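*Asks:* The structure is given below, and queries will be raised subsequently.
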Amino acid sequence: MSIATAEKKAALKRQKAADKKLRPTVWSDIKHNPWLYGLCVPALLFFLLFSYIPMFGLYIAFVDYRPLEGIWGSEFIGIENFKAFFATDNWITVTGNTLFLNALFIFFTTLTSVIIAIMLSEMSNKWVKKITQSIVILPHFMSWTVVSMLSVAILASNGMVNQIITTFGADPVEFYNTPSVWPLILVLLRIWQGAGFGSIVYLATITGIDSSIYEAAAVDGASRFQCITKITLPLLKNTIIMLTIMSVGKIFNGDFGMIYAMVGSNSILYPTTDVIDTYLFRQLLENPSMGQTAAVGLVQSVLGLCFVLLCNKVANKWSPESALF
């Protein structure tokens, strides 16, 4: 190694040491910004009390839980509660349905939310914009029980949809006896219920974009469509990826409230609508076991964490600034 190379390496080492000294430590940063860190205390206490301390209850997944004996007094049975879920072939069907439906929900709800946000941002009339935004957000606050009652009136044999179908001379569709149509129905309901509310975050991001960028594009002759495709969508990319990664964390959790309210105990529809949560609910009715429920919940959480880490790793390679960590 030449003398010049050695000197360069020594200079680089000294520079790194100097940068390390200048870099503030956590405690020094807290000392200089006490009020900013103080704002984090309520959130930290919330997650500590309601997310981390309850994790001790996961021990239920490894015991034959008996309420009278308590968690620590119940007999330790290892992974027997996990085996109970995987003992039959039903776990393949419900896991596949859970992944398939949640993937459809995430993709189409995100796509529709972005479209709604862009449409709202392009509206020039403030009153029309506010009324439209209120209308698309309202379904988020409706109970799935109410929606299921409305769906019976719409999708029943003599419901509104079949009346329209028969008007055009086609045969009516027995929706509640046709499993293949329910993934589409559930996706449409999820879009109707969640896309408007989800557009709030994207609309806030669009509102935060510097208007001078659009003005410069307009001066250069860009159309509104070109502004959307060349400015708005690229600047929305980070938000879309971040929210998608967060949604993936619950990809193994079925929407029990939605699916059970819509399908109920209609076993004909189970092949395409039965998810992990509804399957466990029926199992609890037949054979109450807190241990088996906790075991499956633990599996769902661990797999969800793995998916988040995987998606975050992909995002780090594709777009580092969009990743969570």
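Each chain of the structure tokens is named A, B, ... in the order shown, its residues numbered from 1; ligands are numbered from 1 in display order.
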Mind the document's chain letters and residue numbers, and return as a PyMOL selection string the residues of segment 90-300 of chain A that DSSP labels helix (DSSP H, G or I).
*Replies:* chain A and resi 90-122+126-141+144-155+160-167+175-177+179-207+211-219+224-248+256-263+267-273+276-286+290-300
*Asks:* Need to verify the contact set: segment 136-141 of chain A, 9 Å, only C-alpha atoms, exclusion of same-chain residues closer than 2 positions in sequence. Can you return it as a compact mmCIF listing (two decimals) with all heavy atoms, in the first residue's frame?
*Replies:*
# COMPACT_ATOMS: atom_id res chain seq x y z
N ILE A 116 -60.25 9.06 -6.07
CA ILE A 116 -61.17 10.01 -5.42
C ILE A 116 -60.41 11.24 -4.95
O ILE A 116 -60.88 12.38 -5.11
CB ILE A 116 -61.88 9.32 -4.23
CG1 ILE A 116 -62.85 8.26 -4.72
CG2 ILE A 116 -62.62 10.36 -3.38
CD1 ILE A 116 -63.48 7.44 -3.61
N ILE A 131 -69.34 18.96 -0.43
CA ILE A 131 -70.50 18.06 -0.45
C ILE A 131 -70.10 16.68 -0.95
O ILE A 131 -70.48 15.65 -0.37
CB ILE A 131 -71.63 18.66 -1.32
CG1 ILE A 131 -72.17 19.93 -0.67
CG2 ILE A 131 -72.74 17.63 -1.53
CD1 ILE A 131 -73.15 20.69 -1.54
N THR A 132 -69.30 16.64 -2.02
CA THR A 132 -68.85 15.36 -2.58
C THR A 132 -67.99 14.61 -1.57
O THR A 132 -68.15 13.39 -1.40
CB THR A 132 -68.04 15.60 -3.87
OG1 THR A 132 -68.84 16.35 -4.79
CG2 THR A 132 -67.65 14.27 -4.51
N GLN A 133 -67.10 15.31 -0.90
CA GLN A 133 -66.23 14.66 0.09
C GLN A 133 -67.06 14.10 1.25
O GLN A 133 -66.78 12.99 1.74
CB GLN A 133 -65.20 15.66 0.61
CG GLN A 133 -64.12 15.02 1.48
CD GLN A 133 -63.00 15.99 1.82
OE1 GLN A 133 -63.09 17.18 1.50
NE2 GLN A 133 -61.97 15.51 2.46
N SER A 134 -68.07 14.83 1.68
CA SER A 134 -68.93 14.34 2.77
C SER A 134 -69.70 13.09 2.34
O SER A 134 -69.85 12.15 3.12
CB SER A 134 -69.91 15.43 3.18
OG SER A 134 -69.22 16.58 3.65
N SER A 143 -72.94 1.02 9.95
CA SER A 143 -72.73 -0.31 10.52
C SER A 143 -72.91 -1.37 9.44
O SER A 143 -73.78 -1.26 8.56
CB SER A 143 -73.72 -0.54 11.65
OG SER A 143 -73.74 -1.90 12.03
N TRP A 192 -66.88 0.83 -1.43
CA TRP A 192 -67.93 1.78 -1.06
C TRP A 192 -67.77 2.27 0.37
O TRP A 192 -67.99 3.44 0.67
CB TRP A 192 -69.29 1.10 -1.26
CG TRP A 192 -70.45 1.86 -0.72
CD1 TRP A 192 -71.09 2.91 -1.30
CD2 TRP A 192 -71.13 1.62 0.53
NE1 TRP A 192 -72.12 3.35 -0.49
CE2 TRP A 192 -72.15 2.57 0.64
CE3 TRP A 192 -70.96 0.69 1.56
CZ2 TRP A 192 -73.02 2.62 1.74
CZ3 TRP A 192 -71.81 0.74 2.65
CH2 TRP A 192 -72.82 1.69 2.72
N GLN A 193 -67.36 1.36 1.25
CA GLN A 193 -67.26 1.71 2.67
C GLN A 193 -65.97 2.44 3.03
O GLN A 193 -65.97 3.33 3.87
CB GLN A 193 -67.38 0.44 3.52
CG GLN A 193 -67.48 0.69 5.01
CD GLN A 193 -66.15 0.50 5.72
OE1 GLN A 193 -65.15 0.08 5.13
NE2 GLN A 193 -66.13 0.82 7.01
N GLY A 194 -64.84 2.05 2.43
CA GLY A 194 -63.56 2.54 2.90
C GLY A 194 -62.78 3.47 1.99
O GLY A 194 -61.88 4.17 2.44
N ALA A 195 -63.10 3.49 0.69
CA ALA A 195 -62.29 4.27 -0.24
C ALA A 195 -62.40 5.77 0.02
O ALA A 195 -61.41 6.50 -0.03
CB ALA A 195 -62.70 3.96 -1.68
N GLY A 196 -63.61 6.24 0.31
CA GLY A 196 -63.78 7.67 0.56
C GLY A 196 -63.03 8.13 1.79
O GLY A 196 -62.36 9.17 1.79
N PHE A 197 -63.13 7.35 2.87
CA PHE A 197 -62.42 7.70 4.10
C PHE A 197 -60.91 7.62 3.89
O PHE A 197 -60.16 8.44 4.40
CB PHE A 197 -62.86 6.77 5.22
CG PHE A 197 -62.35 7.17 6.57
CD1 PHE A 197 -62.95 8.18 7.28
CD2 PHE A 197 -61.25 6.52 7.13
CE1 PHE A 197 -62.48 8.55 8.54
CE2 PHE A 197 -60.77 6.89 8.38
CZ PHE A 197 -61.39 7.90 9.09
N GLY A 198 -60.46 6.61 3.14
CA GLY A 198 -59.03 6.46 2.88
C GLY A 198 -58.46 7.56 2.00
O GLY A 198 -57.24 7.80 2.02
N SER A 199 -59.32 8.23 1.24
CA SER A 199 -58.83 9.29 0.35
C SER A 199 -58.39 10.53 1.11
O SER A 199 -57.72 11.41 0.55
CB SER A 199 -59.92 9.67 -0.66
OG SER A 199 -61.03 10.27 0.00
N ILE A 200 -58.76 10.63 2.41
CA ILE A 200 -58.41 11.83 3.19
C ILE A 200 -56.91 12.03 3.25
O ILE A 200 -56.40 13.14 3.08
CB ILE A 200 -59.01 11.72 4.61
CG1 ILE A 200 -60.53 11.73 4.55
CG2 ILE A 200 -58.52 12.86 5.49
CD1 ILE A 200 -61.21 11.50 5.89
*Asks:* Using only C-alpha atoms, determine which residues lie at most 8 Å from Ala323 of chain A, disregarding the query and same-chain residues fewer than 2 positions distant; provide the list as a ChimeraX atom specification.
*Replies:* /A:238,241-242,312-313,315-316,319-321,325
*Asks:* Separation of atom CA of Ala217 of chain A and atom CA of Leu203 of chain A, in Å?
*Replies:*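 Spanning atom CA of Ala217 of chain A to atom CA of Leu203 of chain A is a straight-line distance of 20.1 Å.
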*Asks:* Pick the closest to Ser247 of chain A from A:Phe76, A:Phe86, A:Phe62, A:Phe307: which is it, counting only C-alpha atoms?
*Replies:*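 Ranking A:Phe76, A:Phe86, A:Phe62, A:Phe307 by distance to Ser247 of chain A, first place goes to A:Phe307.
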*Asks:* Which one of A:Val263, A:Val275, A:Leu284, A:Ala156 sits closest to Val173 of chain A if you count only C-alpha atoms?
*Replies:*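 The shortest atom-to-atom distance to Val173 of chain A comes from A:Ala156.
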*Asks:* For segment 174-188 of chain A, work out the shell of residues within 6 Å, counting only C-alpha atoms and skipping chain neighbours fewer than 2 positions away, then give it as an mmCIF file with N, CA, C and O atoms, in the first residue's frame.
*Replies:*
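The result, stored in around-v3.cif:
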data_model
loop_
_atom_site.group_PDB
_atom_site.id
_atom_site.type_symbol
_atom_site.label_atom_id
_atom_site.label_comp_id
_atom_site.auth_asym_id
_atom_site.auth_seq_id
_atom_site.Cartn_x
_atom_site.Cartn_y
_atom_site.Cartn_z
ATOM 1 N N PHE A 105 -58.956 -6.287 -1.398
ATOM 2 C CA PHE A 105 -59.371 -5.099 -0.643
ATOM 3 C C PHE A 105 -58.290 -4.023 -0.678
ATOM 4 O O PHE A 105 -58.568 -2.850 -0.939
ATOM 5 N N SER A 157 -83.746 -12.678 -4.268
ATOM 6 C CA SER A 157 -84.283 -13.219 -5.526
ATOM 7 C C SER A 157 -85.203 -12.225 -6.222
ATOM 8 O O SER A 157 -85.221 -12.135 -7.455
ATOM 9 N N ARG A 190 -66.443 -3.103 0.146
ATOM 10 C CA ARG A 190 -65.287 -2.527 0.836
ATOM 11 C C ARG A 190 -64.877 -1.200 0.203
ATOM 12 O O ARG A 190 -64.533 -0.242 0.908
ATOM 13 N N ILE A 191 -64.910 -1.133 -1.120
ATOM 14 C CA ILE A 191 -64.594 0.121 -1.801
ATOM 15 C C ILE A 191 -65.603 1.195 -1.407
ATOM 16 O O ILE A 191 -65.230 2.333 -1.088
ATOM 17 N N LEU A 269 -71.961 -20.314 0.927
ATOM 18 C CA LEU A 269 -71.002 -19.286 0.497
ATOM 19 C C LEU A 269 -69.625 -19.453 1.130
ATOM 20 O O LEU A 269 -68.716 -18.682 0.815
ATOM 21 N N THR A 272 -65.895 -19.384 -0.778
ATOM 22 C CA THR A 272 -65.242 -18.156 -1.248
ATOM 23 C C THR A 272 -65.247 -17.026 -0.225
ATOM 24 O O THR A 272 -64.591 -16.007 -0.449
#
*Asks:* Write out as a PyMOL selection string each polymer residue whose atoms come within 12 Å of Gln163 of chain A, counting only C-alpha atoms; drop sequence neighbours fewer than 5 positions from it.
*Replies:* chain A and resi 153-158+168-173
*Asks:* Would you put the residues from that selection into a file with C-alpha atoms, as an mmCIF file, in the first residue's frame?
*Replies:*
data_model
loop_
_atom_site.group_PDB
_atom_site.id
_atom_site.type_symbol
_atom_site.label_atom_id
_atom_site.label_comp_id
_atom_site.auth_asym_id
_atom_site.auth_seq_id
_atom_site.Cartn_x
_atom_site.Cartn_y
_atom_site.Cartn_z
ATOM 1 C CA ALA A 153 -83.262 -6.017 -0.213
ATOM 2 C CA ILE A 154 -80.924 -5.393 -3.146
ATOM 3 C CA LEU A 155 -79.549 -8.895 -3.806
ATOM 4 C CA ALA A 156 -82.506 -11.110 -2.897
ATOM 5 C CA SER A 157 -84.283 -13.219 -5.526
ATOM 6 C CA ASN A 158 -86.875 -10.479 -6.008
ATOM 7 C CA PHE A 168 -83.509 -6.954 -19.891
ATOM 8 C CA GLY A 169 -84.793 -10.509 -20.385
ATOM 9 C CA ALA A 170 -82.015 -12.330 -18.506
ATOM 10 C CA ASP A 171 -82.462 -14.950 -15.816
ATOM 11 C CA PRO A 172 -82.275 -13.752 -12.192
ATOM 12 C CA VAL A 173 -79.158 -14.561 -10.175
#
*Asks:* When distances are computed from only C-alpha atoms, which of A:Glu122, A:Glu75, A:Glu80, A:Asp29 shows the smallest separation from Ile206 of chain A?
*Replies:*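 For Ile206 of chain A, the nearest of the candidates is A:Glu122.
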*Asks:* Record the distance separating atom CA of Trp91 of chain A and atom CA of Val147 of chain A, expressed in Å with one decimal.
*Replies:*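 A separation of 28.2 Å between them.
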*Asks:* Which is closer to Asn81 of chain A than all the others in A:Val308, A:Ala222, A:Ile30, A:Val299, using only C-alpha atoms?
*Replies:*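 That would be A:Val299, the residue with the smallest distance to Asn81 of chain A.
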*Asks:* Skipping near chain neighbours, those fewer than 6 positions away, what residues fall within 10 Å of Leu243 of chain A using only C-alpha atoms, listed as a ChimeraX atom specification?
*Replies:* /A:106,110,198,201-202,322-324
*Asks:* Write the residues you've just listed into a file as a compact mmCIF listing (two decimals), in the first residue's frame, and include all heavy atoms for each of them.
*Replies:*
# COMPACT_ATOMS: atom_id res chain seq x y z
N ILE A 106 -57.06 -4.42 -0.41
CA ILE A 106 -55.95 -3.45 -0.34
C ILE A 106 -55.74 -2.79 -1.69
O ILE A 106 -55.62 -1.56 -1.80
CB ILE A 106 -54.66 -4.13 0.15
CG1 ILE A 106 -54.80 -4.56 1.61
CG2 ILE A 106 -53.46 -3.20 -0.01
CD1 ILE A 106 -53.66 -5.43 2.10
N THR A 110 -57.13 1.05 -2.30
CA THR A 110 -56.08 2.04 -2.48
C THR A 110 -56.22 2.75 -3.82
O THR A 110 -56.12 3.99 -3.90
CB THR A 110 -54.69 1.37 -2.40
OG1 THR A 110 -54.54 0.74 -1.13
CG2 THR A 110 -53.58 2.39 -2.59
N GLY A 198 -60.46 6.61 3.14
CA GLY A 198 -59.03 6.46 2.88
C GLY A 198 -58.46 7.56 2.00
O GLY A 198 -57.24 7.80 2.02
N VAL A 201 -56.18 10.94 3.51
CA VAL A 201 -54.71 11.04 3.63
C VAL A 201 -54.10 11.46 2.30
O VAL A 201 -53.21 12.33 2.25
CB VAL A 201 -54.12 9.70 4.09
CG1 VAL A 201 -52.61 9.77 4.17
CG2 VAL A 201 -54.70 9.30 5.43
N TYR A 202 -54.57 10.87 1.21
CA TYR A 202 -54.02 11.21 -0.10
C TYR A 202 -54.37 12.64 -0.50
O TYR A 202 -53.56 13.35 -1.10
CB TYR A 202 -54.54 10.23 -1.16
CG TYR A 202 -54.17 8.80 -0.88
CD1 TYR A 202 -55.13 7.86 -0.53
CD2 TYR A 202 -52.84 8.39 -0.93
CE1 TYR A 202 -54.78 6.55 -0.27
CE2 TYR A 202 -52.48 7.07 -0.67
CZ TYR A 202 -53.46 6.16 -0.33
OH TYR A 202 -53.12 4.86 -0.06
N SER A 322 -39.58 5.67 0.69
CA SER A 322 -40.96 5.28 0.96
C SER A 322 -41.07 4.24 2.07
O SER A 322 -42.16 3.98 2.56
CB SER A 322 -41.61 4.72 -0.32
OG SER A 322 -41.49 5.62 -1.38
N ALA A 323 -39.96 3.61 2.43
CA ALA A 323 -39.99 2.54 3.42
C ALA A 323 -40.26 3.08 4.82
O ALA A 323 -40.00 4.25 5.12
CB ALA A 323 -38.67 1.77 3.40
N LEU A 324 -40.79 2.21 5.67
CA LEU A 324 -41.08 2.60 7.06
C LEU A 324 -39.82 2.73 7.88
O LEU A 324 -39.70 3.57 8.75
CB LEU A 324 -42.02 1.57 7.70
CG LEU A 324 -43.44 1.49 7.14
CD1 LEU A 324 -44.22 0.37 7.81
CD2 LEU A 324 -44.17 2.80 7.33
*Asks:* If you run DSSP on the backbone, which residues of segment 33-205 of chain A are strand (DSSP E or B), as an MDAnalysis selection string?
*Replies:* chainID A and resid 63:66 74:76
*Asks:* Which of these residues is nearest to Ile92 of chain A, using only C-alpha atoms: A:Cys227, A:Ile276, A:Met246, A:Asn287?
*Replies:* A:Ile276
*Asks:* What does the distance from atom CA of Ile79 of chain A to atom CA of Leu309 of chain A come to in Å, to one decimal?
*Replies:*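 According to the coordinates, atom CA of Ile79 of chain A and atom CA of Leu309 of chain A are separated by 25.0 Å.
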